[in-house]
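Enquirer: Provided below: input32.csv, containing CSV, C-alpha atoms (C1' of nucleotides).
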```csv
chain,number,residue,atom,x,y,z
A,1,MET,CA,121.9,43.9,134.6
A,2,THR,CA,123.4,45.1,131.4
A,3,LEU,CA,120.4,47.2,130.5
A,4,THR,CA,120.5,46.6,126.8
A,5,GLU,CA,119.3,43.0,126.8
A,6,ASN,CA,116.5,43.7,129.2
A,7,THR,CA,115.3,46.7,127.4
A,8,SER,CA,114.5,44.7,124.4
A,9,ARG,CA,112.4,42.2,126.4
A,10,LEU,CA,110.7,45.0,128.3
A,11,GLN,CA,109.6,46.6,125.2
A,12,VAL,CA,107.9,43.5,123.9
A,13,ASP,CA,104.1,43.8,123.9
A,14,PRO,CA,102.8,42.0,127.0
A,15,CYS,CA,99.8,40.7,125.0
A,16,GLN,CA,102.1,39.1,122.5
A,17,LEU,CA,104.1,37.5,125.3
A,18,LEU,CA,101.0,36.0,126.8
A,19,ARG,CA,99.7,34.7,123.5
A,20,GLU,CA,103.0,33.1,122.7
A,21,ALA,CA,102.9,31.3,126.0
A,22,GLY,CA,99.4,30.0,125.3
A,23,LEU,CA,97.9,32.1,128.0
A,24,ARG,CA,94.7,34.2,127.9
A,25,VAL,CA,95.2,37.9,127.6
A,26,THR,CA,93.5,39.5,130.5
A,27,GLN,CA,93.8,43.0,131.9
A,28,PRO,CA,95.4,41.9,135.2
A,29,ARG,CA,98.0,39.8,133.4
A,30,VAL,CA,99.0,42.6,131.1
A,31,ALA,CA,99.1,45.1,134.0
A,32,VAL,CA,101.3,42.7,136.0
A,33,LEU,CA,103.7,42.3,133.1
A,34,SER,CA,103.9,46.0,132.5
A,35,THR,CA,104.5,46.6,136.2
A,36,LEU,CA,107.4,44.1,136.3
A,37,ALA,CA,108.9,45.8,133.2
A,38,GLU,CA,109.1,49.0,135.2
A,39,HIS,CA,109.9,47.6,138.6
A,40,PRO,CA,112.3,44.6,138.4
A,41,HIS,CA,112.4,42.5,141.6
A,42,ALA,CA,109.0,43.8,142.8
A,43,HIS,CA,107.2,42.3,145.8
A,44,THR,CA,103.8,40.9,145.4
A,45,ASP,CA,102.1,43.8,147.2
A,46,THR,CA,104.2,46.3,145.3
A,47,ILE,CA,102.9,44.7,142.1
A,48,ALA,CA,99.3,44.7,143.4
A,49,THR,CA,99.5,48.3,144.3
A,50,ALA,CA,100.8,49.3,140.9
A,51,VAL,CA,98.3,47.2,139.1
A,52,ARG,CA,95.5,48.8,141.1
A,53,GLY,CA,96.8,52.2,140.2
A,54,THR,CA,96.3,51.2,136.5
A,55,LEU,CA,93.2,49.1,136.5
A,56,GLY,CA,91.3,50.1,139.7
A,57,ALA,CA,90.2,47.3,141.9
A,58,VAL,CA,92.1,44.0,141.5
A,59,SER,CA,91.9,41.3,144.1
A,60,THR,CA,95.0,40.1,145.8
A,61,GLN,CA,94.2,36.6,144.7
A,62,ALA,CA,94.2,37.7,141.1
A,63,VAL,CA,97.7,39.0,141.5
A,64,TYR,CA,98.9,35.8,143.2
A,65,ASP,CA,97.2,33.7,140.5
A,66,VAL,CA,98.6,35.8,137.7
A,67,LEU,CA,102.1,35.6,139.1
A,68,ARG,CA,101.8,31.9,139.5
A,69,ALA,CA,100.5,31.4,136.0
A,70,LEU,CA,103.2,33.6,134.5
A,71,ASN,CA,105.8,31.9,136.6
A,72,HIS,CA,104.6,28.5,135.5
A,73,ALA,CA,104.5,29.6,131.8
A,74,GLY,CA,108.1,30.8,132.1
A,75,LEU,CA,107.3,34.4,131.6
A,76,VAL,CA,108.5,35.6,135.0
A,77,ARG,CA,111.0,34.3,137.4
A,78,ARG,CA,110.2,34.1,141.1
A,79,ILE,CA,113.1,34.8,143.5
A,80,GLU,CA,112.9,34.3,147.3
A,81,PRO,CA,115.9,35.5,149.2
A,82,ALA,CA,116.0,34.2,152.7
A,83,GLY,CA,114.0,36.4,155.1
A,84,SER,CA,112.2,38.2,152.3
A,85,PRO,CA,108.8,37.7,150.7
A,86,ALA,CA,108.7,36.5,147.1
A,87,ARG,CA,109.9,38.9,144.3
A,88,TYR,CA,109.4,38.6,140.6
A,89,GLU,CA,111.4,39.6,137.5
A,90,LEU,CA,111.0,39.5,133.8
A,91,ARG,CA,114.5,38.3,133.0
A,92,VAL,CA,114.1,34.6,132.4
A,93,GLY,CA,116.3,32.0,130.7
A,94,ASP,CA,119.5,34.0,130.9
A,95,ASN,CA,122.0,32.8,133.5
A,96,HIS,CA,122.0,35.6,135.9
A,97,HIS,CA,122.1,35.9,139.7
A,98,HIS,CA,121.4,38.4,142.4
A,99,VAL,CA,123.0,40.5,145.0
A,100,VAL,CA,120.9,41.2,148.1
A,101,CYS,CA,121.5,43.9,150.6
A,102,ARG,CA,121.5,42.5,154.2
A,103,ASP,CA,120.2,45.8,155.5
A,104,CYS,CA,117.5,47.1,153.2
A,105,GLY,CA,116.8,43.9,151.2
A,106,ASP,CA,117.5,45.7,147.9
A,107,ILE,CA,118.3,43.5,145.0
A,108,ALA,CA,120.4,43.9,141.9
A,109,ASP,CA,121.1,41.6,139.0
A,110,VAL,CA,124.6,40.0,138.5
A,111,ASP,CA,125.6,38.2,135.4
A,112,CYS,CA,127.3,34.9,136.0
A,113,ALA,CA,130.9,35.4,137.0
A,114,VAL,CA,132.6,32.9,134.8
A,115,GLY,CA,131.4,32.4,131.2
A,116,HIS,CA,129.3,29.3,131.3
A,117,ARG,CA,127.4,28.2,134.4
A,118,PRO,CA,130.5,27.7,136.5
A,119,CYS,CA,128.5,26.9,139.6
A,120,LEU,CA,126.8,23.9,138.1
A,121,ASP,CA,130.0,22.0,138.6
A,122,ALA,CA,129.3,20.9,142.1
A,123,SER,CA,132.0,18.6,143.6
A,124,ASP,CA,129.7,15.8,144.9
A,125,THR,CA,126.1,15.9,144.0
A,126,HIS,CA,125.0,12.9,146.2
A,127,GLY,CA,123.1,11.4,143.3
A,128,PHE,CA,121.0,14.5,142.7
A,129,ALA,CA,120.2,15.3,139.1
A,130,ILE,CA,121.0,19.0,139.1
A,131,ASP,CA,119.4,21.3,136.6
A,132,GLU,CA,120.1,24.7,138.1
A,133,ALA,CA,122.6,26.5,140.2
A,134,GLU,CA,121.3,29.6,141.9
A,135,VAL,CA,123.8,32.0,143.4
A,136,THR,CA,122.8,34.7,145.9
A,137,TYR,CA,125.4,37.2,146.8
A,138,TRP,CA,125.0,38.9,150.2
A,139,GLY,CA,126.4,42.2,151.2
A,140,LEU,CA,125.5,45.9,151.6
A,141,CYS,CA,124.3,48.2,148.9
A,142,LEU,CA,125.8,51.6,148.4
A,143,ARG,CA,123.2,53.3,150.5
A,144,CYS,CA,123.6,50.9,153.5
A,145,GLN,CA,127.4,50.9,153.5
A,146,PRO,CA,129.0,52.9,156.3
A,147,PRO,CA,130.8,56.1,155.2
A,148,ALA,CA,134.1,55.5,153.5
A,149,ASP,CA,136.3,56.9,156.2
A,150,ASP,CA,134.9,54.5,158.8
A,151,ILE,CA,136.3,51.4,157.3
A,152,PRO,CA,139.6,50.7,155.4
A,153,HIS,CA,138.0,50.3,152.0
A,154,PRO,CA,134.5,49.2,151.1
A,155,ILE,CA,135.4,47.1,148.1
A,156,THR,CA,138.9,45.8,148.8
A,157,GLN,CA,138.3,45.0,152.5
A,158,GLY,CA,139.4,41.5,153.2
A,159,ALA,CA,136.9,40.2,155.7
A,160,VAL,CA,135.0,37.7,153.6
A,161,HIS,CA,133.6,35.1,155.9
A,162,ASP,CA,132.2,32.5,153.4
I,1,MET,CA,137.3,24.4,156.9
I,2,THR,CA,137.5,20.8,155.7
I,3,LEU,CA,135.3,17.9,156.6
I,4,THR,CA,137.5,16.6,159.3
I,5,GLU,CA,136.9,19.6,161.4
I,6,ASN,CA,133.2,19.5,160.9
I,7,THR,CA,133.0,15.9,161.9
I,8,SER,CA,134.9,16.8,165.0
I,9,ARG,CA,132.5,19.6,165.6
I,10,LEU,CA,129.6,17.2,165.7
I,11,GLN,CA,131.3,15.2,168.3
I,12,VAL,CA,132.1,18.1,170.5
I,13,ASP,CA,130.1,18.3,173.7
I,14,PRO,CA,127.1,20.7,173.2
I,15,CYS,CA,127.6,22.1,176.7
I,16,GLN,CA,131.2,23.0,175.8
I,17,LEU,CA,130.1,24.7,172.6
I,18,LEU,CA,127.6,26.8,174.4
I,19,ARG,CA,130.0,27.8,177.1
I,20,GLU,CA,132.6,28.8,174.5
I,21,ALA,CA,130.1,30.9,172.8
I,22,GLY,CA,129.2,32.6,176.1
I,23,LEU,CA,125.7,31.2,176.2
I,24,ARG,CA,124.0,29.7,179.2
I,25,VAL,CA,123.8,25.9,179.2
I,26,THR,CA,120.1,25.0,179.3
I,27,GLN,CA,118.4,21.8,178.6
I,28,PRO,CA,116.5,23.0,175.5
I,29,ARG,CA,119.8,24.4,174.0
I,30,VAL,CA,121.7,21.2,174.6
I,31,ALA,CA,118.8,19.2,173.2
I,32,VAL,CA,118.6,21.3,170.1
I,33,LEU,CA,122.3,21.0,169.4
I,34,SER,CA,122.1,17.3,169.9
I,35,THR,CA,119.2,17.0,167.6
I,36,LEU,CA,121.0,19.0,164.9
I,37,ALA,CA,124.0,16.7,165.2
I,38,GLU,CA,121.7,13.8,164.4
I,39,HIS,CA,119.5,15.5,161.9
I,40,PRO,CA,121.3,17.9,159.7
I,41,HIS,CA,119.1,20.4,157.8
I,42,ALA,CA,116.2,19.8,160.2
I,43,HIS,CA,113.0,22.0,160.1
I,44,THR,CA,112.0,23.9,163.2
I,45,ASP,CA,109.1,21.6,163.9
I,46,THR,CA,111.3,18.5,163.3
I,47,ILE,CA,113.7,19.9,165.9
I,48,ALA,CA,110.9,20.7,168.3
I,49,THR,CA,109.5,17.2,168.0
I,50,ALA,CA,112.8,15.6,168.6
I,51,VAL,CA,113.6,17.9,171.6
I,52,ARG,CA,110.2,17.1,173.1
I,53,GLY,CA,111.0,13.4,172.7
I,54,THR,CA,114.1,13.9,174.9
I,55,LEU,CA,113.0,16.5,177.4
I,56,GLY,CA,109.2,16.2,177.5
I,57,ALA,CA,107.3,19.5,177.1
I,58,VAL,CA,109.2,22.3,175.4
I,59,SER,CA,107.4,25.3,174.0
I,60,THR,CA,107.6,26.2,170.4
I,61,GLN,CA,108.8,29.6,171.3
I,62,ALA,CA,111.7,28.1,173.2
I,63,VAL,CA,112.8,26.3,170.1
I,64,TYR,CA,112.5,29.4,168.0
I,65,ASP,CA,114.4,31.4,170.6
I,66,VAL,CA,117.1,28.8,171.0
I,67,LEU,CA,117.6,28.5,167.3
I,68,ARG,CA,117.8,32.3,167.0
I,69,ALA,CA,120.3,32.5,169.8
I,70,LEU,CA,122.5,29.7,168.4
I,71,ASN,CA,122.3,31.3,165.0
I,72,HIS,CA,123.3,34.7,166.3
I,73,ALA,CA,126.2,33.1,168.3
I,74,GLY,CA,127.4,31.4,165.1
I,75,LEU,CA,126.8,27.9,166.4
I,76,VAL,CA,124.2,27.0,163.8
I,77,ARG,CA,123.5,28.1,160.3
I,78,ARG,CA,120.1,28.9,159.1
I,79,ILE,CA,119.2,28.0,155.5
I,80,GLU,CA,116.0,28.9,153.7
I,81,PRO,CA,115.6,27.4,150.3
I,82,ALA,CA,112.8,29.1,148.3
I,83,GLY,CA,109.4,27.7,149.1
I,84,SER,CA,110.6,25.8,152.2
I,85,PRO,CA,110.4,26.8,155.9
I,86,ALA,CA,113.7,27.5,157.6
I,87,ARG,CA,116.2,24.7,158.2
I,88,TYR,CA,119.3,24.6,160.5
I,89,GLU,CA,122.6,22.9,160.4
I,90,LEU,CA,125.7,22.7,162.6
I,91,ARG,CA,128.2,23.1,159.8
I,92,VAL,CA,129.3,26.7,160.1
I,93,GLY,CA,132.2,28.7,158.8
I,94,ASP,CA,133.2,26.2,156.1
I,95,ASN,CA,132.5,27.2,152.6
I,96,HIS,CA,129.8,24.7,151.7
I,97,HIS,CA,126.6,24.9,149.8
I,98,HIS,CA,123.4,22.8,149.3
I,99,VAL,CA,121.5,20.7,146.8
I,100,VAL,CA,117.8,20.9,147.1
I,101,CYS,CA,115.3,18.4,145.7
I,102,ARG,CA,112.5,20.1,143.8
I,103,ASP,CA,110.1,17.3,144.6
I,104,CYS,CA,110.6,16.3,148.2
I,105,GLY,CA,112.7,19.3,149.4
I,106,ASP,CA,115.4,17.0,150.7
I,107,ILE,CA,118.8,18.7,151.2
I,108,ALA,CA,122.4,17.5,150.9
I,109,ASP,CA,125.6,19.3,151.5
I,110,VAL,CA,127.9,20.2,148.6
I,111,ASP,CA,131.4,21.4,149.1
I,112,CYS,CA,132.3,24.4,147.0
I,113,ALA,CA,133.2,23.3,143.5
I,114,VAL,CA,136.4,25.2,142.9
I,115,GLY,CA,138.9,25.5,145.7
I,116,HIS,CA,138.5,29.0,147.1
I,117,ARG,CA,135.1,30.8,146.9
I,118,PRO,CA,134.8,30.9,143.2
I,119,CYS,CA,131.3,32.3,143.3
I,120,LEU,CA,132.4,35.5,145.1
I,121,ASP,CA,133.9,36.7,141.9
I,122,ALA,CA,130.7,38.4,140.6
I,123,SER,CA,131.1,40.2,137.3
I,124,ASP,CA,129.5,43.5,138.3
I,125,THR,CA,128.4,44.1,141.9
I,126,HIS,CA,126.7,47.4,141.4
I,127,GLY,CA,128.6,48.9,144.3
I,128,PHE,CA,127.4,46.3,146.7
I,129,ALA,CA,130.1,45.3,149.3
I,130,ILE,CA,129.7,41.5,149.0
I,131,ASP,CA,130.7,39.3,152.0
I,132,GLU,CA,129.1,36.0,151.1
I,133,ALA,CA,128.1,34.0,148.0
I,134,GLU,CA,125.4,31.4,148.7
I,135,VAL,CA,124.9,28.7,146.1
I,136,THR,CA,121.8,26.6,145.9
I,137,TYR,CA,121.7,23.7,143.5
I,138,TRP,CA,118.3,22.6,142.4
I,139,GLY,CA,117.4,19.2,141.0
I,140,LEU,CA,115.9,15.8,141.9
I,141,CYS,CA,117.2,13.5,144.6
I,142,LEU,CA,117.8,9.8,143.9
I,143,ARG,CA,114.4,8.8,145.2
I,144,CYS,CA,112.5,11.4,143.2
I,145,GLN,CA,114.2,10.8,139.9
I,146,PRO,CA,112.1,8.9,137.3
I,147,PRO,CA,113.3,5.3,136.5
I,148,ALA,CA,116.3,5.3,134.3
I,149,ASP,CA,114.5,3.8,131.2
I,150,ASP,CA,112.0,6.7,131.1
I,151,ILE,CA,114.4,9.4,130.2
I,152,PRO,CA,117.5,9.4,128.0
I,153,HIS,CA,120.0,9.7,130.9
I,154,PRO,CA,119.4,11.4,134.2
I,155,ILE,CA,122.8,12.8,134.6
I,156,THR,CA,124.0,13.7,131.1
I,157,GLN,CA,120.7,14.9,129.7
I,158,GLY,CA,121.4,18.3,128.3
I,159,ALA,CA,118.4,20.4,129.2
I,160,VAL,CA,119.9,22.7,131.7
I,161,HIS,CA,117.8,25.8,131.7
I,162,ASP,CA,119.8,28.2,133.8
B,1,DG,C1',122.7,28.9,199.4
B,2,DC,C1',120.9,33.7,197.3
B,3,DC,C1',120.0,36.8,193.9
B,4,DC,C1',119.2,38.4,189.3
B,5,DA,C1',119.9,38.7,184.6
B,6,DC,C1',118.7,35.7,181.2
B,7,DA,C1',115.5,31.8,179.5
B,8,DA,C1',111.3,29.5,179.0
B,9,DT,C1',106.2,29.5,179.1
B,10,DT,C1',101.7,31.0,177.8
B,11,DG,C1',98.7,33.2,174.8
B,12,DA,C1',97.9,36.0,171.1
B,13,DA,C1',99.2,38.6,166.8
B,14,DT,C1',101.3,39.2,162.3
B,15,DG,C1',102.2,38.7,157.4
B,16,DA,C1',102.6,36.1,153.3
B,17,DT,C1',100.3,32.9,150.9
B,18,DT,C1',96.6,29.6,149.7
B,19,DC,C1',91.8,27.5,149.6
B,20,DC,C1',87.0,27.7,148.3
B,21,DA,C1',82.6,28.7,145.9
B,22,DG,C1',80.4,31.7,143.1
B,23,DA,C1',80.4,35.6,139.6
B,24,DA,C1',82.6,37.5,135.5
B,25,DA,C1',85.2,37.7,131.5
B,26,DG,C1',88.0,35.8,127.5
B,27,DC,C1',88.1,33.0,123.4
B,28,DC,C1',86.6,29.6,120.0
B,29,DT,C1',82.8,27.9,117.1
B,30,DG,C1',78.9,28.4,114.3
D,1,DC,C1',78.6,38.7,116.2
D,2,DA,C1',76.0,35.7,119.4
D,3,DG,C1',76.3,31.2,122.4
D,4,DG,C1',78.6,28.5,125.3
D,5,DC,C1',82.6,26.5,127.3
D,6,DT,C1',86.4,27.3,130.0
D,7,DT,C1',89.4,29.8,132.5
D,8,DT,C1',90.1,33.6,135.4
D,9,DC,C1',88.7,36.9,139.0
D,10,DT,C1',86.3,38.2,143.3
D,11,DG,C1',85.6,38.1,148.3
D,12,DG,C1',86.1,36.0,152.5
D,13,DA,C1',88.2,33.0,155.4
D,14,DA,C1',91.8,29.7,156.6
D,15,DT,C1',96.7,28.1,157.0
D,16,DC,C1',101.4,28.1,158.1
D,17,DA,C1',105.7,29.8,159.9
D,18,DT,C1',107.2,33.0,162.7
D,19,DT,C1',107.2,36.8,166.1
D,20,DC,C1',105.6,39.8,170.0
D,21,DA,C1',104.4,40.7,174.9
D,22,DA,C1',104.1,39.7,179.7
D,23,DT,C1',104.6,36.6,183.3
D,24,DT,C1',107.0,32.8,185.5
D,25,DG,C1',111.1,30.0,186.1
D,26,DT,C1',116.2,28.9,186.4
D,27,DG,C1',121.5,28.8,185.6
D,28,DG,C1',125.5,30.3,187.7
D,29,DG,C1',128.4,33.9,189.7
D,30,DC,C1',128.7,36.0,194.4
```
For the structure just supplied, provide its representation as structure tokens.
Expert:
Amino acid sequence: MTLTENTSRLQVDPCQLLREAGLRVTQPRVAVLSTLAEHPHAHTDTIATAVRGTLGAVSTQAVYDVLRALNHAGLVRRIEPAGSPARYELRVGDNHHHVVCRDCGDIADVDCAVGHRPCLDASDTHGFAIDEAEVTYWGLCLRCQPPADDIPHPITQGAVHD
Amino acid sequence: MTLTENTSRLQVDPCQLLREAGLRVTQPRVAVLSTLAEHPHAHTDTIATAVRGTLGAVSTQAVYDVLRALNHAGLVRRIEPAGSPARYELRVGDNHHHVVCRDCGDIADVDCAVGHRPCLDASDTHGFAIDEAEVTYWGLCLRCQPPADDIPHPITQGAVHD
DNA sequence: GCCCACAATTGAATGATTCCAGAAAGCCTG
DNA sequence: CAGGCTTTCTGGAATCATTCAATTGTGGGC
């Protein structure tokens, strides 16, 4: 994530975003959007907890409904790395991907490697009409990597198995 | 690993595969491997049903345990497209990816676009030690695509949103 | 053929998500 | 700024995939 672009989106008024999307402005929706602005890649229950910290009692269903509505309206993106519950983020529409830590499940944004959707160029699509290529990088985050003297070199080590 | 080797893999005796991996040869394991050879990308319950068709009664746990053991031993690969239960396949170790139909969830294999792991070249990895790049293509399979005269052109239509 | 670690069975629990029916709140019109 | 329609939120319960725990069963080396 190159912080500059997000910051702009994050600073947009949640109410305005909702109205522009043709959605009703409700307290839970505003709170969910604000939470996502502060916690990118948050789990559903993380969001629910944060929202309750702001508004008081908010039902779990409300949070699920809000996230689904926002997702459907294109205001948030839902990501589901294998083995992890759903996470949500505000960055939509830009071609970016994710790195996921195999140990702790932590996620970071990664802008697409080559300039323009390189991964869309699948070799044989079996007749599928492809509209999106989603890349998930798997590895270990800084905290979960073994100390540097245990292995040759954390970055340049060769053992890439896929 | 190229297709030829995979095809050969599918034709290898399941018992032999198990022994080579240091696993005990049991009826459920053999049956699961045979099922996967016939049904690539099968769900857990699809596998369970097929196995029961061959062996009679087999517990659901047995199927889960077998799949976990095979996965851990590197004999099968577990794939989990967002919104879908886990699926398993025999193709392991080769650098291939998947196309998933947004409508019916059908999956097809896609060999990596560029020759050698293009997607591993993430722009900024945030310190993550990446060992795998997993690409999921999303679109519509042939059956789920609207008739050709309804839309401009299924393949060349421009609206690629990610 | 016997033993024993490893597998499978049985039964129940977990965790994320969804369904349902009724109550509440947002938003447009007058 | 009040009425009424619609959408959203609440609370409780259900579902689905998956996992846990304890007992029973079996493959394969000795």
Enquirer: Using all atoms listed in the file, can you tell me which of D:DA22, D:DG29, D:DA2, D:DC9 comes closest to chain A?
Expert: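 Nearest to chain A: D:DC9.
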Enquirer: Give as a VMD selection string every residue of chain D that touches chain I within 10 Å, counting only C-alpha atoms (C1' of nucleotides).
Expert: chain D and resid 16 to 19 26 to 28
Enquirer: Atom CA of Glu38 of chain A to atom CA of Pro14 of chain A: how many Å, to one decimal?
Expert: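 According to the coordinates, atom CA of Glu38 of chain A and atom CA of Pro14 of chain A are separated by 12.5 Å.
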Enquirer: Can you work out the spacing between atom CA of Ser34 of chain A and atom C1' of DT17 of chain B in Å, to one decimal?
Expert: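 Between these atoms lies a distance of 22.9 Å.
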Enquirer: Hey, what's within 7 Å of segment 133-149 of chain A if we count only C-alpha atoms (C1' of nucleotides) and toss same-chain stuff fewer than 6 positions away? As a list in words, please?
Expert: His97, His98, Val99, Val100, Cys101, Arg102, Asp103, Cys119 and Leu120 of chain A; Gly127, Phe128, Ala129, Ile130, Asp131, Glu132, Ala133, Glu134, Val135, Thr136, Tyr137 and Trp138 of chain I
Enquirer: Per residue of segment 19-106 of chain A within 10 Å of segment 5-8 of chain D, record the nearest atom pair and its distance in Å to one decimal, counting only C-alpha atoms (C1' of nucleotides), with rows in chain order and ascending residue number, as a Markdown table.
Expert:
```
| residue | atom | partner | partner_atom | distance |
| --- | --- | --- | --- | --- |
| A:Leu23 | CA | D:DT7 | C1' | 9.9 |
| A:Arg24 | CA | D:DT7 | C1' | 8.3 |
| A:Thr26 | CA | D:DT8 | C1' | 8.4 |
| A:Pro28 | CA | D:DT8 | C1' | 9.8 |
| A:Ala62 | CA | D:DT8 | C1' | 8.1 |
| A:Asp65 | CA | D:DT8 | C1' | 8.7 |
| A:Val66 | CA | D:DT8 | C1' | 9.1 |
```
Enquirer: Dump as a tab-separated table the rows for residues of chain B within 9 Å of chain A: closest atom pair and distance in Å with one decimal, all atoms listed in the file counted, ordered by chain and rising residue number.
Expert:
```
residue	atom	partner	partner_atom	distance
B:DA16	C1'	A:Pro85	CA	6.9
B:DT17	C1'	A:Tyr64	CA	8.3
B:DT18	C1'	A:Gln61	CA	8.9
B:DA25	C1'	A:Thr26	CA	8.6
B:DG26	C1'	A:Arg24	CA	6.9
B:DC27	C1'	A:Arg24	CA	8.1
```
Enquirer: Enter the distance from atom CA of Thr125 of chain I to atom CA of Asp111 of chain A, in Å, rounded to one decimal.
Expert: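 For atom CA of Thr125 of chain I relative to atom CA of Asp111 of chain A, the distance reads 9.2 Å.
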Enquirer: Between I:Pro81, I:Gly105, I:Leu90, I:Pro40, which is the closest to chain A once you count all atoms listed in the file?
Expert: I:Pro81
